[in-house]
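Undergrad: Data: run.pdb, PDB, C-alpha atoms.
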ATOM      1  CA  MET A  25      71.674  23.051 -98.573  1.00  0.00           C
ATOM      2  CA  ALA A  26      73.019  21.788 -95.230  1.00  0.00           C
ATOM      3  CA  PRO A  27      71.411  18.660 -93.712  1.00  0.00           C
ATOM      4  CA  GLN A  28      68.611  19.414 -91.283  1.00  0.00           C
ATOM      5  CA  ILE A  29      69.662  16.893 -88.596  1.00  0.00           C
ATOM      6  CA  ALA A  30      73.224  16.517 -87.321  1.00  0.00           C
ATOM      7  CA  ILE A  31      73.919  13.115 -85.727  1.00  0.00           C
ATOM      8  CA  ILE A  32      76.810  13.734 -83.347  1.00  0.00           C
ATOM      9  CA  ASP A  33      79.693  11.378 -84.102  1.00  0.00           C
ATOM     10  CA  TYR A  34      81.880  10.504 -81.140  1.00  0.00           C
ATOM     11  CA  GLY A  35      82.442   6.878 -82.089  1.00  0.00           C
ATOM     12  CA  SER A  36      79.212   5.469 -80.680  1.00  0.00           C
ATOM     13  CA  GLY A  37      78.096   2.080 -81.970  1.00  0.00           C
ATOM     14  CA  ASN A  38      74.533   3.002 -82.959  1.00  0.00           C
ATOM     15  CA  LEU A  39      75.358   5.953 -85.228  1.00  0.00           C
ATOM     16  CA  ARG A  40      74.695   4.126 -88.481  1.00  0.00           C
ATOM     17  CA  SER A  41      71.463   2.516 -87.320  1.00  0.00           C
ATOM     18  CA  VAL A  42      70.118   5.936 -86.332  1.00  0.00           C
ATOM     19  CA  ALA A  43      71.199   7.359 -89.698  1.00  0.00           C
ATOM     20  CA  LYS A  44      69.571   4.444 -91.538  1.00  0.00           C
ATOM     21  CA  ALA A  45      66.299   4.971 -89.664  1.00  0.00           C
ATOM     22  CA  LEU A  46      66.280   8.652 -90.639  1.00  0.00           C
ATOM     23  CA  GLU A  47      67.092   7.735 -94.234  1.00  0.00           C
ATOM     24  CA  HIS A  48      64.152   5.305 -94.238  1.00  0.00           C
ATOM     25  CA  LEU A  49      61.952   8.220 -93.171  1.00  0.00           C
ATOM     26  CA  SER A  50      63.445  10.489 -95.864  1.00  0.00           C
ATOM     27  CA  LEU A  51      64.806  12.799 -93.175  1.00  0.00           C
ATOM     28  CA  ASP A  52      67.897  14.707 -94.265  1.00  0.00           C
ATOM     29  CA  SER A  53      70.797  14.007 -91.864  1.00  0.00           C
ATOM     30  CA  VAL A  54      74.575  13.847 -91.588  1.00  0.00           C
ATOM     31  CA  VAL A  55      76.846  11.967 -89.169  1.00  0.00           C
ATOM     32  CA  THR A  56      79.428  14.529 -88.066  1.00  0.00           C
ATOM     33  CA  SER A  57      81.978  15.522 -85.445  1.00  0.00           C
ATOM     34  CA  ASP A  58      82.385  19.023 -86.903  1.00  0.00           C
ATOM     35  CA  PRO A  59      81.343  21.565 -84.234  1.00  0.00           C
ATOM     36  CA  ALA A  60      80.356  24.098 -86.897  1.00  0.00           C
ATOM     37  CA  VAL A  61      77.995  21.643 -88.607  1.00  0.00           C
ATOM     38  CA  ILE A  62      76.468  20.611 -85.266  1.00  0.00           C
ATOM     39  CA  ASP A  63      76.026  24.244 -84.267  1.00  0.00           C
ATOM     40  CA  ALA A  64      74.368  25.189 -87.575  1.00  0.00           C
ATOM     41  CA  ALA A  65      71.982  22.245 -87.947  1.00  0.00           C
ATOM     42  CA  PRO A  66      68.263  22.863 -87.291  1.00  0.00           C
ATOM     43  CA  GLY A  67      68.115  19.602 -85.302  1.00  0.00           C
ATOM     44  CA  VAL A  68      70.619  17.468 -83.399  1.00  0.00           C
ATOM     45  CA  ILE A  69      70.614  13.821 -82.329  1.00  0.00           C
ATOM     46  CA  LEU A  70      73.098  12.618 -79.688  1.00  0.00           C
ATOM     47  CA  PRO A  71      73.078   8.797 -79.879  1.00  0.00           C
ATOM     48  CA  GLY A  72      75.018   6.460 -77.642  1.00  0.00           C
ATOM     49  CA  VAL A  73      75.827   2.958 -76.483  1.00  0.00           C
ATOM     50  CA  GLY A  74      78.454   1.942 -73.957  1.00  0.00           C
ATOM     51  CA  ALA A  75      79.726   3.734 -70.875  1.00  0.00           C
ATOM     52  CA  PHE A  76      78.997   7.214 -69.481  1.00  0.00           C
ATOM     53  CA  GLY A  77      82.686   8.032 -68.942  1.00  0.00           C
ATOM     54  CA  ASP A  78      83.787   6.800 -72.358  1.00  0.00           C
ATOM     55  CA  ALA A  79      81.113   8.911 -74.049  1.00  0.00           C
ATOM     56  CA  MET A  80      82.190  12.074 -72.213  1.00  0.00           C
ATOM     57  CA  THR A  81      85.868  11.340 -72.885  1.00  0.00           C
ATOM     58  CA  GLU A  82      85.273  10.976 -76.621  1.00  0.00           C
ATOM     59  CA  LEU A  83      83.056  14.063 -76.857  1.00  0.00           C
ATOM     60  CA  THR A  84      85.750  16.077 -75.098  1.00  0.00           C
ATOM     61  CA  LYS A  85      88.613  14.570 -77.125  1.00  0.00           C
ATOM     62  CA  ARG A  86      86.845  15.445 -80.382  1.00  0.00           C
ATOM     63  CA  GLY A  87      86.136  18.994 -79.219  1.00  0.00           C
ATOM     64  CA  ILE A  88      82.351  18.643 -79.400  1.00  0.00           C
ATOM     65  CA  ALA A  89      81.303  18.439 -75.736  1.00  0.00           C
ATOM     66  CA  ASP A  90      80.764  22.198 -75.552  1.00  0.00           C
ATOM     67  CA  VAL A  91      78.621  22.419 -78.679  1.00  0.00           C
ATOM     68  CA  ALA A  92      76.587  19.358 -77.575  1.00  0.00           C
ATOM     69  CA  ARG A  93      75.990  21.039 -74.211  1.00  0.00           C
ATOM     70  CA  ALA A  94      75.097  24.359 -75.820  1.00  0.00           C
ATOM     71  CA  ARG A  95      72.618  22.766 -78.231  1.00  0.00           C
ATOM     72  CA  GLY A  96      71.010  20.826 -75.379  1.00  0.00           C
ATOM     73  CA  VAL A  97      70.588  23.977 -73.280  1.00  0.00           C
ATOM     74  CA  GLU A  98      69.237  25.900 -76.275  1.00  0.00           C
ATOM     75  CA  ALA A  99      66.683  23.153 -76.968  1.00  0.00           C
ATOM     76  CA  SER A 100      65.569  23.040 -73.331  1.00  0.00           C
ATOM     77  CA  GLU A 101      64.762  26.749 -73.623  1.00  0.00           C
ATOM     78  CA  ARG A 102      62.498  26.064 -76.631  1.00  0.00           C
ATOM     79  CA  GLY A 103      65.265  26.528 -79.175  1.00  0.00           C
ATOM     80  CA  ARG A 104      66.138  24.188 -82.040  1.00  0.00           C
ATOM     81  CA  PRO A 105      65.218  20.533 -81.310  1.00  0.00           C
ATOM     82  CA  PHE A 106      67.655  18.078 -79.715  1.00  0.00           C
ATOM     83  CA  LEU A 107      67.214  14.318 -79.155  1.00  0.00           C
ATOM     84  CA  GLY A 108      69.431  12.200 -76.895  1.00  0.00           C
ATOM     85  CA  VAL A 109      69.273   8.401 -77.261  1.00  0.00           C
ATOM     86  CA  CYS A 110      70.287   5.830 -74.590  1.00  0.00           C
ATOM     87  CA  VAL A 111      73.751   6.925 -73.349  1.00  0.00           C
ATOM     88  CA  GLY A 112      73.024  10.159 -75.209  1.00  0.00           C
ATOM     89  CA  MET A 113      70.208  10.645 -72.671  1.00  0.00           C
ATOM     90  CA  GLN A 114      72.321   9.619 -69.694  1.00  0.00           C
ATOM     91  CA  ILE A 115      75.162  12.069 -70.317  1.00  0.00           C
ATOM     92  CA  LEU A 116      72.708  14.987 -70.341  1.00  0.00           C
ATOM     93  CA  VAL A 117      72.729  14.877 -66.526  1.00  0.00           C
ATOM     94  CA  ASP A 118      75.419  16.071 -64.099  1.00  0.00           C
ATOM     95  CA  GLU A 119      77.113  12.795 -63.234  1.00  0.00           C
ATOM     96  CA  GLY A 120      76.882   9.024 -63.582  1.00  0.00           C
ATOM     97  CA  GLU A 121      77.377   6.283 -61.018  1.00  0.00           C
ATOM     98  CA  GLU A 122      79.083   4.188 -63.685  1.00  0.00           C
ATOM     99  CA  ASP A 123      82.108   6.513 -63.730  1.00  0.00           C
ATOM    100  CA  PRO A 124      82.368   8.488 -60.456  1.00  0.00           C
ATOM    101  CA  GLY A 125      84.083  11.831 -60.830  1.00  0.00           C
ATOM    102  CA  VAL A 126      83.240  12.180 -64.524  1.00  0.00           C
ATOM    103  CA  SER A 127      80.972  15.145 -65.213  1.00  0.00           C
ATOM    104  CA  GLY A 128      78.145  14.840 -67.706  1.00  0.00           C
ATOM    105  CA  LEU A 129      76.921  17.648 -69.934  1.00  0.00           C
ATOM    106  CA  GLY A 130      74.846  19.108 -67.109  1.00  0.00           C
ATOM    107  CA  VAL A 131      71.887  20.045 -69.312  1.00  0.00           C
ATOM    108  CA  VAL A 132      69.374  18.274 -67.048  1.00  0.00           C
ATOM    109  CA  PRO A 133      70.083  18.452 -63.283  1.00  0.00           C
ATOM    110  CA  GLY A 134      70.291  14.917 -61.935  1.00  0.00           C
ATOM    111  CA  ASN A 135      72.368  11.770 -61.887  1.00  0.00           C
ATOM    112  CA  CYS A 136      72.531   8.355 -63.484  1.00  0.00           C
ATOM    113  CA  PRO A 137      72.475   5.437 -60.996  1.00  0.00           C
ATOM    114  CA  ARG A 138      72.734   1.733 -61.749  1.00  0.00           C
ATOM    115  CA  LEU A 139      69.551  -0.286 -62.157  1.00  0.00           C
ATOM    116  CA  SER A 140      68.573  -1.934 -58.887  1.00  0.00           C
ATOM    117  CA  GLY A 141      68.002  -5.366 -60.385  1.00  0.00           C
ATOM    118  CA  GLY A 142      64.989  -5.760 -58.107  1.00  0.00           C
ATOM    119  CA  ASP A 143      62.856  -8.909 -58.254  1.00  0.00           C
ATOM    120  CA  GLY A 144      65.872 -10.867 -59.518  1.00  0.00           C
ATOM    121  CA  LEU A 145      65.826  -9.094 -62.878  1.00  0.00           C
ATOM    122  CA  LYS A 146      68.941  -9.304 -65.019  1.00  0.00           C
ATOM    123  CA  ILE A 147      71.277  -6.377 -65.593  1.00  0.00           C
ATOM    124  CA  PRO A 148      71.732  -5.127 -68.240  1.00  0.00           C
ATOM    125  CA  HIS A 149      68.081  -4.721 -69.022  1.00  0.00           C
ATOM    126  CA  MET A 150      67.741  -5.945 -72.612  1.00  0.00           C
ATOM    127  CA  GLY A 151      64.378  -6.261 -74.273  1.00  0.00           C
ATOM    128  CA  TRP A 152      60.938  -4.798 -74.856  1.00  0.00           C
ATOM    129  CA  ASN A 153      59.125  -2.783 -72.212  1.00  0.00           C
ATOM    130  CA  CYS A 154      55.861  -0.878 -72.128  1.00  0.00           C
ATOM    131  CA  LEU A 155      55.774   2.909 -71.642  1.00  0.00           C
ATOM    132  CA  ARG A 156      53.349   5.032 -69.679  1.00  0.00           C
ATOM    133  CA  THR A 157      53.437   8.210 -71.702  1.00  0.00           C
ATOM    134  CA  ASN A 158      52.408  11.824 -71.338  1.00  0.00           C
ATOM    135  CA  PRO A 159      50.296  12.371 -74.487  1.00  0.00           C
ATOM    136  CA  GLN A 160      51.150  16.080 -74.405  1.00  0.00           C
ATOM    137  CA  CYS A 161      54.721  15.274 -75.442  1.00  0.00           C
ATOM    138  CA  PRO A 162      54.934  15.877 -79.219  1.00  0.00           C
ATOM    139  CA  LEU A 163      57.134  12.811 -79.730  1.00  0.00           C
ATOM    140  CA  PHE A 164      54.085  10.630 -79.032  1.00  0.00           C
ATOM    141  CA  GLN A 165      51.752  12.107 -81.641  1.00  0.00           C
ATOM    142  CA  GLY A 166      50.067   9.255 -83.521  1.00  0.00           C
ATOM    143  CA  ILE A 167      51.544   6.615 -81.183  1.00  0.00           C
ATOM    144  CA  PRO A 168      49.049   4.392 -79.306  1.00  0.00           C
ATOM    145  CA  ASP A 169      48.857   4.448 -75.518  1.00  0.00           C
ATOM    146  CA  GLU A 170      51.305   2.173 -73.679  1.00  0.00           C
ATOM    147  CA  PRO A 171      53.605   1.446 -76.632  1.00  0.00           C
ATOM    148  CA  TRP A 172      56.343  -1.206 -76.451  1.00  0.00           C
ATOM    149  CA  VAL A 173      59.924  -0.138 -77.142  1.00  0.00           C
ATOM    150  CA  TYR A 174      63.377  -1.743 -77.027  1.00  0.00           C
ATOM    151  CA  PHE A 175      65.853  -1.111 -74.195  1.00  0.00           C
ATOM    152  CA  VAL A 176      69.526  -2.023 -73.667  1.00  0.00           C
ATOM    153  CA  HIS A 177      70.962  -0.412 -70.506  1.00  0.00           C
ATOM    154  CA  SER A 178      72.419  -0.961 -67.054  1.00  0.00           C
ATOM    155  CA  TYR A 179      71.973   2.609 -65.777  1.00  0.00           C
ATOM    156  CA  HIS A 180      69.095   5.074 -65.826  1.00  0.00           C
ATOM    157  CA  VAL A 181      68.510   8.800 -65.509  1.00  0.00           C
ATOM    158  CA  ALA A 182      67.181  10.155 -62.216  1.00  0.00           C
ATOM    159  CA  PRO A 183      66.378  13.848 -62.828  1.00  0.00           C
ATOM    160  CA  GLU A 184      66.094  16.220 -59.884  1.00  0.00           C
ATOM    161  CA  ASP A 185      62.825  17.571 -61.305  1.00  0.00           C
ATOM    162  CA  GLU A 186      60.554  14.741 -62.407  1.00  0.00           C
ATOM    163  CA  SER A 187      58.268  17.160 -64.245  1.00  0.00           C
ATOM    164  CA  CYS A 188      60.602  16.766 -67.243  1.00  0.00           C
ATOM    165  CA  VAL A 189      59.800  13.031 -67.500  1.00  0.00           C
ATOM    166  CA  ALA A 190      57.437  12.405 -70.428  1.00  0.00           C
ATOM    167  CA  ALA A 191      57.312   8.598 -70.142  1.00  0.00           C
ATOM    168  CA  TRP A 192      57.985   6.011 -67.470  1.00  0.00           C
ATOM    169  CA  THR A 193      58.633   2.292 -67.611  1.00  0.00           C
ATOM    170  CA  GLU A 194      59.009  -0.458 -64.996  1.00  0.00           C
ATOM    171  CA  TYR A 195      61.959  -2.803 -64.595  1.00  0.00           C
ATOM    172  CA  GLY A 196      62.107  -3.766 -60.937  1.00  0.00           C
ATOM    173  CA  GLU A 197      61.594  -0.058 -60.226  1.00  0.00           C
ATOM    174  CA  LYS A 198      59.984   2.958 -61.839  1.00  0.00           C
ATOM    175  CA  LEU A 199      62.336   4.375 -64.489  1.00  0.00           C
ATOM    176  CA  ALA A 200      62.377   7.564 -66.542  1.00  0.00           C
ATOM    177  CA  ALA A 201      62.170   6.442 -70.168  1.00  0.00           C
ATOM    178  CA  VAL A 202      61.715   9.798 -71.948  1.00  0.00           C
ATOM    179  CA  LEU A 203      62.717  13.339 -70.985  1.00  0.00           C
ATOM    180  CA  HIS A 204      61.046  16.425 -72.439  1.00  0.00           C
ATOM    181  CA  ARG A 205      61.708  20.055 -71.684  1.00  0.00           C
ATOM    182  CA  GLY A 206      61.076  22.742 -74.282  1.00  0.00           C
ATOM    183  CA  ASN A 207      62.471  21.232 -77.480  1.00  0.00           C
ATOM    184  CA  LEU A 208      64.884  18.959 -75.612  1.00  0.00           C
ATOM    185  CA  PHE A 209      63.964  15.274 -75.829  1.00  0.00           C
ATOM    186  CA  ALA A 210      65.770  12.124 -74.742  1.00  0.00           C
ATOM    187  CA  THR A 211      64.897   8.420 -74.769  1.00  0.00           C
ATOM    188  CA  GLN A 212      66.469   5.685 -72.654  1.00  0.00           C
ATOM    189  CA  PHE A 213      65.250   3.136 -75.198  1.00  0.00           C
ATOM    190  CA  HIS A 214      66.437   2.872 -78.807  1.00  0.00           C
ATOM    191  CA  PRO A 215      63.864   4.293 -81.242  1.00  0.00           C
ATOM    192  CA  GLU A 216      65.930   2.974 -84.153  1.00  0.00           C
ATOM    193  CA  LYS A 217      65.396  -0.575 -82.797  1.00  0.00           C
ATOM    194  CA  SER A 218      61.760  -0.102 -81.756  1.00  0.00           C
ATOM    195  CA  GLN A 219      60.102  -0.889 -85.089  1.00  0.00           C
ATOM    196  CA  SER A 220      57.035   1.137 -86.087  1.00  0.00           C
ATOM    197  CA  THR A 221      56.754   2.958 -82.752  1.00  0.00           C
ATOM    198  CA  GLY A 222      60.362   4.095 -82.893  1.00  0.00           C
ATOM    199  CA  LEU A 223      60.091   5.166 -86.507  1.00  0.00           C
ATOM    200  CA  ARG A 224      56.986   7.229 -85.751  1.00  0.00           C
ATOM    201  CA  LEU A 225      58.782   8.862 -82.826  1.00  0.00           C
ATOM    202  CA  LEU A 226      61.724   9.779 -85.070  1.00  0.00           C
ATOM    203  CA  ALA A 227      59.323  11.053 -87.725  1.00  0.00           C
ATOM    204  CA  ASN A 228      57.676  13.266 -85.089  1.00  0.00           C
ATOM    205  CA  PHE A 229      61.100  14.601 -84.126  1.00  0.00           C
ATOM    206  CA  GLY A 230      61.784  15.287 -87.791  1.00  0.00           C
ATOM    207  CA  GLU A 231      58.568  17.310 -88.040  1.00  0.00           C
ATOM    208  CA  LEU A 232      59.667  19.421 -85.081  1.00  0.00           C
ATOM    209  CA  VAL A 233      63.014  20.029 -86.763  1.00  0.00           C
ATOM    210  CA  GLY A 234      61.287  20.981 -90.018  1.00  0.00           C
ATOM    211  CA  ALA A 235      59.130  23.480 -88.168  1.00  0.00           C
ATOM    212  CA  ALA A 236      62.273  25.054 -86.706  1.00  0.00           C
ATOM    213  CA  VAL A 237      63.877  25.709 -90.110  1.00  0.00           C
TER
END
Now that the file is in, can you turn its structure into structure tokens?
TA:
Amino acid sequence: MAPQIAIIDYGSGNLRSVAKALEHLSLDSVVTSDPAVIDAAPGVILPGVGAFGDAMTELTKRGIADVARARGVEASERGRPFLGVCVGMQILVDEGEEDPGVSGLGVVPGNCPRLSGGDGLKIPHMGWNCLRTNPQCPLFQGIPDEPWVYFVHSYHVAPEDESCVAAWTEYGEKLAAVLHRGNLFATQFHPEKSQSTGLRLLANFGELVGAAV
């Protein structure tokens, strides 16, 4: 039987930590750059650390940008679940300020500007921040209000339609921390580094994938 969750492999540094977190939860997954496996999997996770442009270059070089885009669009229309993490959230939009002229996947209309660094805050933003969540988002089932999660980023997603934002955080400015549309989800923070809250979020995603089988 094929693994239920395909973790898209384009050389990102947090692939193994995401896979380990899923293994800890007894969620069946595979790290892969095979478009056929990604296309067939009931659920997809697009992880990421590093730069917007590098991520898009590697996805394109490995021939998996199109299938990543297609799975994201399908999920947003209530198809099989998809989860973007950190840079995997950022490249869902049209373009990023980090690498002008490089197109993102274009699944979520919007852009990805640099953090303002307001109030003298350091960039990159590294550390724990509190979320203001929409409890209707299924990723937050069983998670207490205002959970703390772990961020590492210098850029953030600014969607054209803020109705797709399921959680906000503050770091010198109001930032979109979670996107949700249909069965498309994305987190600016790292669930795999966010201890019990992150594990519960991944478990909730796994339940959604199981329901889609």
Undergrad: Looking at all atoms listed in the file, which of A:Gly103, A:Ala200, A:Cys188, A:Ala79 is the one that sits closest to A:Ala235?
TA: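 Closest to A:Ala235, using all atoms listed in the file: A:Gly103.
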Undergrad: Taking (70.1, -1.3, -87.8) in the file's coordinates, which residues come within 8 Å, counting all atoms listed in the file, written as a VMD selection string?
TA: chain A and resid 38 40 to 42 44 to 45 216 to 217
Undergrad: Between A:Gly130, A:Pro59, A:Gly35, A:Gly72, which one has atoms that come closest to A:Leu107, using only C-alpha atoms?
TA: A:Gly72
Undergrad: Point out the residue among A:Phe76, A:Phe209, A:Phe229, A:Tyr34 with the least atom-to-atom distance to A:Leu129, counting only C-alpha atoms.
TA: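 Among A:Phe76, A:Phe209, A:Phe229, A:Tyr34, it is A:Phe76 that comes nearest to A:Leu129.
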Undergrad: Between A:Pro171, A:Gly37, A:Pro133, A:Gly196, which is the closest to A:Val97 once you count all atoms listed in the file?
TA: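 Among the listed residues, the smallest separation from A:Val97 belongs to A:Pro133.
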Undergrad: For the provided coordinates, the residues matched by the PyMOL selection byres ((chain A and resi 187) around 12) should be stated as an NGL selection string.
TA: :A and (132-133 or 158 or 161 or 182-186 or 188-192 or 200 or 202-206)
Undergrad: Take the residues that were just selected and, keeping C-alpha atoms, output them as a short mmCIF file (atom, residue, chain, number, x, y, z; two decimals), in the coordinates of the input.
TA:
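Dumped to selection-v2.cif:
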data_model
loop_
_atom_site.label_atom_id
_atom_site.label_comp_id
_atom_site.auth_asym_id
_atom_site.auth_seq_id
_atom_site.Cartn_x
_atom_site.Cartn_y
_atom_site.Cartn_z
CA VAL A 132 69.37 18.27 -67.05
CA PRO A 133 70.08 18.45 -63.28
CA ASN A 158 52.41 11.82 -71.34
CA CYS A 161 54.72 15.27 -75.44
CA ALA A 182 67.18 10.15 -62.22
CA PRO A 183 66.38 13.85 -62.83
CA GLU A 184 66.09 16.22 -59.88
CA ASP A 185 62.82 17.57 -61.30
CA GLU A 186 60.55 14.74 -62.41
CA CYS A 188 60.60 16.77 -67.24
CA VAL A 189 59.80 13.03 -67.50
CA ALA A 190 57.44 12.40 -70.43
CA ALA A 191 57.31 8.60 -70.14
CA TRP A 192 57.98 6.01 -67.47
CA ALA A 200 62.38 7.56 -66.54
CA VAL A 202 61.72 9.80 -71.95
CA LEU A 203 62.72 13.34 -70.98
CA HIS A 204 61.05 16.42 -72.44
CA ARG A 205 61.71 20.06 -71.68
CA GLY A 206 61.08 22.74 -74.28
#
Undergrad: So which residues get picked by the PyMOL selection byres ((chain A and resi 93) around 8) here, written as a VMD selection string?
TA: chain A and resid 89 to 92 94 to 97 116 129 to 131
